[in-house]
Amino acid sequence: MQTTHLALTFTPYDRLLDWLKVTGLPIALTILGALIVARFVNWAGGRITQRIDDNYQQGDALVRSEATKHRHSVAQVITWVVITIIYVITAMKVLNQLGLPIGSLVAPATVLGAALGFGAQRVVQDILAGFFIITERQYGFGDTVQIAITGSGTDAEGVIEDVTLRVTRMRNADGEVITVPNGQIVKAVNLSKDWARAVVDVPIPATADINRVNDILHRVGVDAYEDKSLRPLLLDTPSVMGVESLAVDQVSVRMVARTLPGKQFQVGRALRVRVVTALRRAGITVAAELETDAVGGGDDQ
């Protein structure tokens, strides 16, 4: 009895087609699925932040509650972390499908991680600093802040547009976008924490009647609080603190007003106009140009 053996030959094309069916297609589906899930997470994060913004109806984008700003920043960070985890898991799954043992990559990954650790110390520092900025609620989206940066002679000041684990993006008064690595932030002054304060120093001649000036400024504060255009921006009636400084030929009287976050500059300008007008009507000449400072507030206890 004779047995016939049939020799099966595989061409390179057959081998490629077999690899595509067994390995290539699952890898492509894995990568495609990861991209779809990442896009969905990014879309969901955008919807959540948009809903947070839409739910806050008091004022414009600069005036937000602290909880709203914190939730906005946390939602952005969580979205970024989830997308990163998805890509890492996808990469490990693809390596496994390619037949590369993950265990054998532990030693090279350790060496590579150590090398990257030494070379990316600043990145790690930025991420840790960003983590504490967000968890401690130092500032958030929409806050007006003044940031001191390592190696910079001038502070960066503007409105926060984005806070991630690595960088803080803000837009200054000239419309320029400033990106600051979180690890290089030495000091952050939040000018819109819960409430803000407009400080108006009124320089008057030393010969003027201080009691009369105080009465005029008090009247200005009451009128400003009763004004329909300024009342929504003020938390209470502007008050007169009294004499702030003395000079040979002039006296500086300070007037302060607690305002909504981010509105201290607008209120300060409005108060200056009212103060100058009221003093001129009373025959009192302002000794120099009014100097207005805007200071951020703290928690209103």
# chains A, B, ... in the order shown; residues from 1 in each chain; ligands from 1
>>> select_by_dssp(residues="segment 25-274 of chain A", states="strand (DSSP E)", output="PyMOL selection string")
chain A and resi 144-149+156-163+167-171+177-181+185-190+196-205+239-246+250-259
>>> residues_around(residues="Asp143 of chain A", least_positions_apart="5", cutoff="8 Å", atoms="only C-alpha atoms", output="PyMOL selection string")
chain A and resi 62-63+159-160+190-193+261-262
>>> residues_around(residues="Val145 of chain A", least_positions_apart="2", cutoff="12 Å", atoms="only C-alpha atoms", output="PDB file with N, CA and C atoms, in the first residue's frame")
ATOM      1  N   LEU A  62     -15.480  85.677  34.126  1.00  0.00           N
ATOM      2  CA  LEU A  62     -14.518  85.997  35.175  1.00  0.00           C
ATOM      3  C   LEU A  62     -15.076  85.753  36.563  1.00  0.00           C
ATOM      4  N   GLN A 138      -5.664  76.469  44.849  1.00  0.00           N
ATOM      5  CA  GLN A 138      -4.943  77.739  44.895  1.00  0.00           C
ATOM      6  C   GLN A 138      -5.531  78.733  43.896  1.00  0.00           C
ATOM      7  N   TYR A 139      -5.849  78.269  42.712  1.00  0.00           N
ATOM      8  CA  TYR A 139      -6.564  79.058  41.716  1.00  0.00           C
ATOM      9  C   TYR A 139      -7.152  78.100  40.697  1.00  0.00           C
ATOM     10  N   GLY A 140      -8.064  78.618  39.893  1.00  0.00           N
ATOM     11  CA  GLY A 140      -8.729  77.781  38.905  1.00  0.00           C
ATOM     12  C   GLY A 140      -9.153  78.580  37.697  1.00  0.00           C
ATOM     13  N   PHE A 141      -9.880  77.915  36.820  1.00  0.00           N
ATOM     14  CA  PHE A 141     -10.325  78.544  35.580  1.00  0.00           C
ATOM     15  C   PHE A 141     -11.142  79.801  35.864  1.00  0.00           C
ATOM     16  N   GLY A 142     -10.760  80.927  35.235  1.00  0.00           N
ATOM     17  CA  GLY A 142     -11.485  82.173  35.408  1.00  0.00           C
ATOM     18  C   GLY A 142     -10.930  83.086  36.473  1.00  0.00           C
ATOM     19  N   ASP A 143      -9.982  82.601  37.286  1.00  0.00           N
ATOM     20  CA  ASP A 143      -9.410  83.448  38.332  1.00  0.00           C
ATOM     21  C   ASP A 143      -8.453  84.471  37.731  1.00  0.00           C
ATOM     22  N   ILE A 147       1.409  85.785  39.122  1.00  0.00           N
ATOM     23  CA  ILE A 147       2.309  84.655  39.351  1.00  0.00           C
ATOM     24  C   ILE A 147       3.755  85.114  39.253  1.00  0.00           C
ATOM     25  N   ALA A 148       4.538  84.788  40.284  1.00  0.00           N
ATOM     26  CA  ALA A 148       5.978  85.021  40.263  1.00  0.00           C
ATOM     27  C   ALA A 148       6.661  83.769  39.731  1.00  0.00           C
ATOM     28  N   ASP A 155       6.423  89.682  37.174  1.00  0.00           N
ATOM     29  CA  ASP A 155       5.367  88.705  37.435  1.00  0.00           C
ATOM     30  C   ASP A 155       4.416  88.621  36.246  1.00  0.00           C
ATOM     31  N   ALA A 156       3.850  87.462  36.050  1.00  0.00           N
ATOM     32  CA  ALA A 156       2.827  87.260  35.013  1.00  0.00           C
ATOM     33  C   ALA A 156       1.460  87.455  35.644  1.00  0.00           C
ATOM     34  N   GLU A 157       0.650  88.299  35.039  1.00  0.00           N
ATOM     35  CA  GLU A 157      -0.671  88.604  35.588  1.00  0.00           C
ATOM     36  C   GLU A 157      -1.712  88.477  34.484  1.00  0.00           C
ATOM     37  N   GLY A 158      -2.817  87.842  34.804  1.00  0.00           N
ATOM     38  CA  GLY A 158      -3.876  87.685  33.825  1.00  0.00           C
ATOM     39  C   GLY A 158      -4.969  86.768  34.335  1.00  0.00           C
ATOM     40  N   VAL A 159      -5.828  86.349  33.421  1.00  0.00           N
ATOM     41  CA  VAL A 159      -6.970  85.489  33.742  1.00  0.00           C
ATOM     42  C   VAL A 159      -6.629  84.054  33.352  1.00  0.00           C
ATOM     43  N   ILE A 160      -6.843  83.121  34.272  1.00  0.00           N
ATOM     44  CA  ILE A 160      -6.530  81.721  34.029  1.00  0.00           C
ATOM     45  C   ILE A 160      -7.502  81.153  32.986  1.00  0.00           C
ATOM     46  N   GLU A 161      -6.961  80.563  31.939  1.00  0.00           N
ATOM     47  CA  GLU A 161      -7.773  79.927  30.904  1.00  0.00           C
ATOM     48  C   GLU A 161      -7.694  78.408  30.961  1.00  0.00           C
ATOM     49  N   THR A 168       0.206  76.008  33.480  1.00  0.00           N
ATOM     50  CA  THR A 168      -0.896  76.944  33.716  1.00  0.00           C
ATOM     51  C   THR A 168      -0.909  77.945  32.572  1.00  0.00           C
ATOM     52  N   ARG A 169      -2.065  78.088  31.922  1.00  0.00           N
ATOM     53  CA  ARG A 169      -2.194  79.039  30.822  1.00  0.00           C
ATOM     54  C   ARG A 169      -3.077  80.189  31.264  1.00  0.00           C
ATOM     55  N   MET A 170      -2.620  81.404  30.983  1.00  0.00           N
ATOM     56  CA  MET A 170      -3.352  82.599  31.379  1.00  0.00           C
ATOM     57  C   MET A 170      -3.265  83.629  30.257  1.00  0.00           C
ATOM     58  N   ARG A 171      -4.244  84.532  30.223  1.00  0.00           N
ATOM     59  CA  ARG A 171      -4.283  85.594  29.213  1.00  0.00           C
ATOM     60  C   ARG A 171      -4.210  86.937  29.926  1.00  0.00           C
ATOM     61  N   ASN A 172      -3.222  87.752  29.527  1.00  0.00           N
ATOM     62  CA  ASN A 172      -3.046  89.041  30.192  1.00  0.00           C
ATOM     63  C   ASN A 172      -3.958  90.100  29.588  1.00  0.00           C
ATOM     64  N   ALA A 173      -3.810  91.334  30.063  1.00  0.00           N
ATOM     65  CA  ALA A 173      -4.694  92.415  29.623  1.00  0.00           C
ATOM     66  C   ALA A 173      -4.499  92.761  28.152  1.00  0.00           C
ATOM     67  N   ILE A 178      -0.089  83.407  28.135  1.00  0.00           N
ATOM     68  CA  ILE A 178       1.149  83.095  28.848  1.00  0.00           C
ATOM     69  C   ILE A 178       1.049  81.666  29.374  1.00  0.00           C
ATOM     70  N   ILE A 185       6.597  78.030  39.333  1.00  0.00           N
ATOM     71  CA  ILE A 185       5.813  79.043  40.036  1.00  0.00           C
ATOM     72  C   ILE A 185       6.324  79.175  41.468  1.00  0.00           C
ATOM     73  N   LYS A 187       5.382  81.992  43.564  1.00  0.00           N
ATOM     74  CA  LYS A 187       4.289  82.566  44.357  1.00  0.00           C
ATOM     75  C   LYS A 187       3.127  82.880  43.439  1.00  0.00           C
ATOM     76  N   ALA A 188       1.921  82.564  43.891  1.00  0.00           N
ATOM     77  CA  ALA A 188       0.709  82.851  43.123  1.00  0.00           C
ATOM     78  C   ALA A 188      -0.224  83.691  43.985  1.00  0.00           C
ATOM     79  N   VAL A 189      -0.522  84.887  43.514  1.00  0.00           N
ATOM     80  CA  VAL A 189      -1.433  85.794  44.215  1.00  0.00           C
ATOM     81  C   VAL A 189      -2.773  85.739  43.500  1.00  0.00           C
ATOM     82  N   ASN A 190      -3.774  85.204  44.176  1.00  0.00           N
ATOM     83  CA  ASN A 190      -5.114  85.090  43.601  1.00  0.00           C
ATOM     84  C   ASN A 190      -5.880  86.374  43.884  1.00  0.00           C
ATOM     85  N   LEU A 191      -6.186  87.120  42.823  1.00  0.00           N
ATOM     86  CA  LEU A 191      -6.887  88.393  42.963  1.00  0.00           C
ATOM     87  C   LEU A 191      -8.399  88.234  42.925  1.00  0.00           C
ATOM     88  N   SER A 192      -8.886  87.010  42.837  1.00  0.00           N
ATOM     89  CA  SER A 192     -10.334  86.800  42.754  1.00  0.00           C
ATOM     90  C   SER A 192     -10.743  85.567  43.547  1.00  0.00           C
ATOM     91  N   LYS A 193     -10.222  85.445  44.740  1.00  0.00           N
ATOM     92  CA  LYS A 193     -10.543  84.318  45.611  1.00  0.00           C
ATOM     93  C   LYS A 193     -11.770  84.672  46.445  1.00  0.00           C
ATOM     94  N   ALA A 196     -13.087  90.189  46.079  1.00  0.00           N
ATOM     95  CA  ALA A 196     -11.936  91.054  45.813  1.00  0.00           C
ATOM     96  C   ALA A 196     -12.174  92.406  46.468  1.00  0.00           C
ATOM     97  N   PRO A 261     -15.487  88.691  42.536  1.00  0.00           N
ATOM     98  CA  PRO A 261     -14.173  88.347  41.979  1.00  0.00           C
ATOM     99  C   PRO A 261     -14.002  88.874  40.566  1.00  0.00           C
ATOM    100  N   GLY A 262     -12.838  89.494  40.322  1.00  0.00           N
ATOM    101  CA  GLY A 262     -12.529  89.998  38.999  1.00  0.00           C
ATOM    102  C   GLY A 262     -13.126  91.345  38.662  1.00  0.00           C
ATOM    103  N   ALA A 294      -5.919  97.301  43.290  1.00  0.00           N
ATOM    104  CA  ALA A 294      -6.941  96.253  43.400  1.00  0.00           C
ATOM    105  C   ALA A 294      -6.298  95.049  44.047  1.00  0.00           C
ATOM    106  N   VAL A 295      -6.904  94.607  45.126  1.00  0.00           N
ATOM    107  CA  VAL A 295      -6.321  93.528  45.889  1.00  0.00           C
ATOM    108  C   VAL A 295      -7.299  92.381  45.934  1.00  0.00           C
ATOM    109  N   GLY A 296      -6.795  91.157  45.819  1.00  0.00           N
ATOM    110  CA  GLY A 296      -7.642  89.988  45.903  1.00  0.00           C
ATOM    111  C   GLY A 296      -8.093  89.752  47.314  1.00  0.00           C
ATOM    112  N   GLY A 297      -9.282  89.173  47.447  1.00  0.00           N
ATOM    113  CA  GLY A 297      -9.827  88.896  48.765  1.00  0.00           C
ATOM    114  C   GLY A 297      -9.582  87.471  49.184  1.00  0.00           C
TER     115      GLY A 297
END
>>> atom_distance(atom1="atom CA of Asp194 of chain A", atom2="atom CA of Gln266 of chain A")
16.8 Å
>>> closest_residue(among="A:Leu230, A:Val275, A:Val94, A:Ala38", to="Val81 of chain A", atoms="only C-alpha atoms")
A:Ala38
>>> atom_distance(atom1="atom CA of Pro26 of chain A", atom2="atom CA of Asn42 of chain A")
24.0 Å
>>> closest_residue(among="A:Ile78, A:Ser252, A:Gly221, A:Asn182", to="Val273 of chain A", atoms="only C-alpha atoms")
A:Gly221
>>> closest_residue(among="A:Leu98, A:Leu17, A:Val124, A:Leu35", to="Ile83 of chain A", atoms="only C-alpha atoms")
A:Leu35
>>> select_by_dssp(residues="segment 121-282 of chain A", states="helix (DSSP H, G or I)", output="ChimeraX atom specification")
/A:121-135,182-184,210-226,231-233,264-281
>>> closest_residue(among="A:Gln125, A:Gln76, A:Thr207, A:Thr90", to="Leu32 of chain A", atoms="only C-alpha atoms")
A:Thr90
>>> atom_distance(atom1="atom CA of Ile149 of chain A", atom2="atom CA of Val167 of chain A")
12.3 Å
